[in-house]
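input_21.cif (mmCIF, C-alpha atoms and all ligand atoms) appears below.
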```
data_start
#
loop_
_atom_site.label_atom_id
_atom_site.label_comp_id
_atom_site.auth_asym_id
_atom_site.auth_seq_id
_atom_site.Cartn_x
_atom_site.Cartn_y
_atom_site.Cartn_z
CA MET U 1 96.03 117.52 112.26
CA VAL U 2 99.58 117.87 113.39
CA GLY U 3 99.60 120.90 115.69
CA LEU U 4 95.92 120.75 116.73
CA THR U 5 95.07 120.42 120.41
CA LYS U 6 92.45 117.84 121.39
CA GLU U 7 90.05 120.65 122.28
CA GLU U 8 90.25 121.88 118.67
CA VAL U 9 89.20 118.52 117.20
CA SER U 10 85.44 118.96 117.13
CA SER U 11 84.84 115.91 114.92
CA TYR U 12 86.16 113.20 117.22
CA LYS U 13 82.64 112.02 118.08
CA THR U 14 82.22 110.84 114.48
CA ALA U 15 84.66 107.99 115.20
CA ILE U 16 83.13 104.58 115.84
CA ALA U 17 84.58 101.33 117.16
CA ARG U 18 84.37 98.28 114.88
CA THR U 19 85.07 94.63 115.49
CA GLY U 20 86.57 94.17 112.03
CA PRO U 21 88.10 96.23 109.23
CA SER U 22 86.34 99.20 107.67
CA ALA U 23 84.77 98.57 104.26
CA PRO U 24 87.47 100.56 102.40
CA LEU U 25 90.24 98.65 104.17
CA ARG U 26 88.63 95.35 103.22
CA HIS U 27 88.96 96.49 99.61
CA ILE U 28 92.63 97.41 99.65
CA GLU U 29 94.03 94.94 102.18
CA SER U 30 94.96 92.38 99.54
CA ILE U 31 97.05 94.85 97.53
CA ILE U 32 99.16 96.06 100.45
CA ASP U 33 102.53 94.36 100.61
CA LYS U 34 103.20 92.69 103.96
CA ASN U 35 106.55 94.50 104.27
CA SER U 36 104.97 97.95 103.90
CA LEU U 37 105.18 100.55 106.61
CA ILE U 38 101.61 101.82 106.91
CA LEU U 39 100.11 104.94 108.45
CA ASP U 40 96.40 105.14 109.27
CA TYR U 41 95.87 108.92 109.15
CA GLY U 42 92.86 109.92 111.25
CA CYS U 43 92.58 106.42 112.73
CA GLY U 44 89.83 107.30 115.22
CA LYS U 45 89.44 104.59 117.86
CA GLY U 46 91.95 102.44 116.01
CA SER U 47 89.89 99.49 114.75
CA ASP U 48 91.69 99.41 111.39
CA VAL U 49 95.07 99.73 113.11
CA ALA U 50 94.24 96.81 115.40
CA TYR U 51 92.97 94.76 112.47
CA LEU U 52 96.09 95.38 110.38
CA LYS U 53 98.34 94.55 113.33
CA SER U 54 96.42 91.31 113.87
CA LYS U 55 97.20 90.41 110.26
CA GLY U 56 100.92 91.03 110.75
CA PHE U 57 101.18 94.45 109.13
CA ASN U 58 103.50 97.15 110.48
CA VAL U 59 101.17 100.10 111.09
CA ASP U 60 101.06 103.38 113.00
CA GLY U 61 97.79 105.10 113.82
CA TYR U 62 97.59 108.87 113.94
CA ASP U 63 94.58 110.81 115.17
CA PRO U 64 94.67 114.32 116.64
CA TYR U 65 92.13 113.30 119.28
CA TYR U 66 92.67 109.60 119.95
CA SER U 67 96.37 108.98 119.38
CA ASP U 68 99.46 110.71 120.70
CA ILE U 69 101.85 109.47 118.03
CA ASP U 70 104.35 112.13 116.99
CA LEU U 71 104.62 112.29 113.21
CA SER U 72 107.02 115.21 113.10
CA GLY U 73 110.08 113.00 112.52
CA LYS U 74 108.30 110.76 110.04
CA ASN U 75 108.38 112.70 106.80
CA SER U 76 108.85 110.52 103.69
CA TYR U 77 108.59 107.51 106.00
CA TYR U 78 105.58 105.41 105.02
CA ASP U 79 105.01 103.15 102.02
CA VAL U 80 101.24 103.33 102.36
CA VAL U 81 98.90 105.83 104.01
CA ILE U 82 95.25 105.01 104.50
CA CYS U 83 92.83 107.75 105.46
CA ASN U 84 89.29 106.52 105.94
CA TYR U 85 86.25 108.75 106.37
CA VAL U 86 88.25 111.72 107.66
CA LEU U 87 87.74 114.36 104.97
CA ASN U 88 83.96 113.98 105.35
CA VAL U 89 84.11 115.34 108.89
CA LEU U 90 86.34 118.32 108.14
CA ASP U 91 85.51 121.71 106.70
CA ALA U 92 86.50 121.99 103.02
CA SER U 93 89.09 124.62 103.94
CA MET U 94 91.13 121.89 105.72
CA GLU U 95 91.13 119.44 102.83
CA GLU U 96 94.29 120.65 101.13
CA GLN U 97 96.28 120.70 104.34
CA VAL U 98 95.28 117.14 105.21
CA LEU U 99 96.19 115.91 101.72
CA CYS U 100 99.54 117.75 101.91
CA ASN U 101 100.26 116.16 105.28
CA ILE U 102 99.47 112.73 103.89
CA LEU U 103 101.78 113.30 100.90
CA SER U 104 104.57 114.54 103.14
CA LYS U 105 104.49 111.29 105.15
CA LEU U 106 104.79 109.09 102.03
CA LYS U 107 108.10 107.82 100.74
CA ASP U 108 108.84 108.48 97.07
CA GLY U 109 106.90 105.80 95.25
CA GLY U 110 104.48 105.51 98.16
CA ARG U 111 100.71 105.26 97.81
CA ALA U 112 97.80 106.73 99.72
CA TYR U 113 94.20 105.52 99.71
CA VAL U 114 91.80 108.21 100.88
CA SER U 115 88.24 107.06 101.34
CA VAL U 116 85.13 109.19 101.69
CA ARG U 117 81.52 108.33 102.46
CA ARG U 118 79.13 107.90 99.56
CA ASP U 119 76.10 106.64 101.48
CA SER U 120 73.31 109.11 101.98
CA PHE U 121 73.55 111.35 105.01
CA LYS U 122 72.52 114.83 106.00
CA GLU U 123 75.22 117.39 105.39
CA GLY U 124 76.04 119.93 108.08
CA VAL U 125 76.25 119.86 111.84
CA THR U 126 74.90 116.73 113.53
CA PRO U 127 75.01 115.66 117.22
CA ARG U 128 78.13 113.60 116.42
CA GLY U 129 79.80 116.39 114.46
CA TYR U 130 80.01 118.04 111.05
CA GLN U 131 79.61 115.93 107.88
CA ARG U 132 79.85 116.78 104.20
CA TYR U 133 80.20 115.08 100.83
CA VAL U 134 83.72 115.17 99.42
CA TYR U 135 84.80 114.97 95.77
CA LEU U 136 88.52 115.11 94.96
CA SER U 137 88.89 116.28 91.38
CA ASP U 138 92.70 116.19 91.41
CA TYR U 139 93.01 112.48 92.17
CA PRO U 140 91.81 109.33 90.40
CA SER U 141 89.08 107.23 91.87
CA PHE U 142 90.47 103.84 92.82
CA GLU U 143 87.19 102.18 93.80
CA LYS U 144 83.61 103.38 94.09
CA LYS U 145 81.06 101.25 95.89
CA GLY U 146 77.64 102.18 97.19
CA ALA U 147 78.74 103.44 100.56
CA PHE U 148 82.24 104.76 99.85
CA GLU U 149 84.72 105.94 97.28
CA ILE U 150 88.48 105.49 97.55
CA TYR U 151 90.81 108.01 95.90
CA PHE U 152 94.36 107.04 94.97
CA ILE U 153 97.29 109.36 95.60
CA SER U 154 100.83 108.44 94.59
CA LYS U 155 104.12 110.15 95.26
C1 LIG T 201 84.67 109.43 111.07
S1 LIG T 201 86.12 109.29 112.04
C2 LIG T 201 87.00 108.03 111.11
C3 LIG T 201 87.95 107.27 111.97
C4 LIG T 201 88.65 106.07 111.32
N1 LIG T 201 89.44 106.45 110.16
C5 LIG T 201 87.66 105.01 110.96
O1 LIG T 201 87.39 104.79 109.77
O2 LIG T 201 87.13 104.38 111.89
C6 LIG T 201 87.02 110.78 111.67
C7 LIG T 201 88.29 110.94 112.49
O3 LIG T 201 89.04 112.03 111.95
C8 LIG T 201 89.77 112.59 113.03
N2 LIG T 201 90.24 113.92 112.64
C9 LIG T 201 89.66 115.13 112.87
N3 LIG T 201 90.40 116.10 112.37
C10 LIG T 201 91.48 115.52 111.79
C11 LIG T 201 92.62 116.02 111.10
N4 LIG T 201 92.77 117.31 110.88
N5 LIG T 201 93.53 115.13 110.64
C12 LIG T 201 93.37 113.80 110.85
N6 LIG T 201 92.31 113.28 111.50
C13 LIG T 201 91.38 114.13 111.96
C14 LIG T 201 88.76 112.62 114.18
O4 LIG T 201 89.41 112.74 115.44
C15 LIG T 201 88.05 111.27 113.97
O5 LIG T 201 88.65 110.26 114.77
#
```

Here is the file; what I need is its structure written in the form of structure tokens.
Ligand SMILES: C[S@@+](CC[C@H](N)C(=O)[O-])C[C@H]1O[C@@H](n2cnc3c(N)ncnc32)[C@H](O)[C@@H]1O
Amino acid sequence: MVGLTKEEVSSYKTAIARTGPSAPLRHIESIIDKNSLILDYGCGKGSDVAYLKSKGFNVDGYDPYYSDIDLSGKNSYYDVVICNYVLNVLDASMEEQVLCNILSKLKDGGRAYVSVRRDSFKEGVTPRGYQRYVYLSDYPSFEKKGAFEIYFISK
């Protein structure tokens, strides 16, 4: 989160490297306009950022542990924010703040796709970090597959 030091990000070990796009990104890639300015919020090791760049998209990756990008001057800046598998690794008390941050980075008319894990896993503290199931009652579900659900947030 903006303002957190790296030492305060206990969940960074939950990030994995992929050779291709995440499953949620594969689902929404075709509906993102090529001219969109995109933010990957909580991008981890940056596999989705690298994938989108390789496809010609204009994308910034923000992660409080892995990326030093400064978002403070980028309010109302992005057309699209993607946020994959981040809320699952945060305590519920941080959920609202993360969603507010995402909204603040979106232009008017912008769209955010926030995906959460729906595969089966053990909730609580694991060697890689904390994990929990997340259900966002204030936002519509955009897509629900076996292993994930994507919520849609518009501004
Ligand atoms: C499970 S990983 C997902 C990474 C990436 N989105 C992906 O799908 O590969 C969760 C990421 O959330 C990041 N994170 C932790 N706290 C965060 C916060 N408050 N705001 C944004 N990202 C956060 C962690 O550093 C970690 O890289």

| said: Neighbouring residues of segment 95-103 of chain U were defined as those with any atom within 12 Å, considering all atoms listed in the file; residues of the same chain fewer than 6 positions away were excluded. Please report them as a ChimeraX atom specification. | reply: /U:1-3,38-42,62-64,71-72,74-83,86-89,109-116,132-139,151-155

Quick one: residues within 12 Å of (82.5, 106.9, 117.1) (file frame), counting all atoms listed in the file, please, as a PDB file with C-alpha atoms, in the coordinates of the input.
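What ended up in point20.pdb:
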```
ATOM      1  CA  SER U  11      84.840 115.910 114.920  1.00  0.00           C
ATOM      2  CA  TYR U  12      86.160 113.200 117.220  1.00  0.00           C
ATOM      3  CA  LYS U  13      82.640 112.020 118.080  1.00  0.00           C
ATOM      4  CA  THR U  14      82.220 110.840 114.480  1.00  0.00           C
ATOM      5  CA  ALA U  15      84.660 107.990 115.200  1.00  0.00           C
ATOM      6  CA  ILE U  16      83.130 104.580 115.840  1.00  0.00           C
ATOM      7  CA  ALA U  17      84.580 101.330 117.160  1.00  0.00           C
ATOM      8  CA  ARG U  18      84.370  98.280 114.880  1.00  0.00           C
ATOM      9  CA  CYS U  43      92.580 106.420 112.730  1.00  0.00           C
ATOM     10  CA  GLY U  44      89.830 107.300 115.220  1.00  0.00           C
ATOM     11  CA  LYS U  45      89.440 104.590 117.860  1.00  0.00           C
ATOM     12  CA  GLY U  46      91.950 102.440 116.010  1.00  0.00           C
ATOM     13  CA  SER U  47      89.890  99.490 114.750  1.00  0.00           C
ATOM     14  CA  TYR U  65      92.130 113.300 119.280  1.00  0.00           C
ATOM     15  CA  TYR U  66      92.670 109.600 119.950  1.00  0.00           C
ATOM     16  CA  TYR U  85      86.250 108.750 106.370  1.00  0.00           C
ATOM     17  CA  VAL U  89      84.110 115.340 108.890  1.00  0.00           C
ATOM     18  CA  PRO U 127      75.010 115.660 117.220  1.00  0.00           C
ATOM     19  CA  ARG U 128      78.130 113.600 116.420  1.00  0.00           C
ATOM     20  CA  GLY U 129      79.800 116.390 114.460  1.00  0.00           C
TER      21      GLY U 129
END
```

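The closest residue to ligand LIG 201 (chain T), picked from U:Ser141, U:Ser120, U:Asn84, U:Ser30 and counting all atoms listed in the file, is U:Asn84.
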
First collect every listed atom of ligand LIG 201 (chain T); then fit an axis-aligned box around them, widen it by 4 Å on each side, and give centre and edge lengths in Å to one decimal, as lines of an AutoDock Vina configuration file.
```
center_x = 89.1
center_y = 110.8
center_z = 112.6
size_x = 16.9
size_y = 20.9
size_z = 13.7
```

| Quick one, how far is atom CA of Tyr51 of chain U from atom CA of Met94 of chain U? | 28.0 Å

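Of the listed residues U:Pro140, U:Gly61, U:Gly124, U:Gly56, the one whose atoms come nearest to ligand LIG 201 (chain T) is U:Gly61, with distances taken using only C-alpha atoms and all ligand atoms.
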
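Of the residues listed (U:Gln131, U:Asn35, U:Thr126, U:Asn58), U:Gln131 shows the shortest atom-to-atom separation from ligand LIG 201 (chain T); distances use all atoms listed in the file.
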
| note | Of U:Arg117, U:Lys107, U:Lys34, U:Lys145, the one nearest to ligand LIG 201 (chain T) when counting all atoms listed in the file is U:Arg117

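Among the candidates U:Ile31, U:Lys122, U:Phe148, U:Ser54, the one nearest to ligand LIG 201 (chain T) when counting all atoms listed in the file is U:Phe148.
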
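For the atom pair formed by atom CA of Ala50 of chain U and atom CA of Ala92 of chain U, the distance is 29.1 Å, given to one decimal.
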
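The two atoms in question, atom C1 of ligand LIG 201 (chain T) and atom CA of Gly73 of chain U, are spaced 25.7 Å apart.
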
| Residue nearest ligand LIG 201 (chain T) - candidates U:Glu29, U:Ser36, U:Phe121, U:Pro21, atoms counted: all atoms listed in the file | U:Pro21
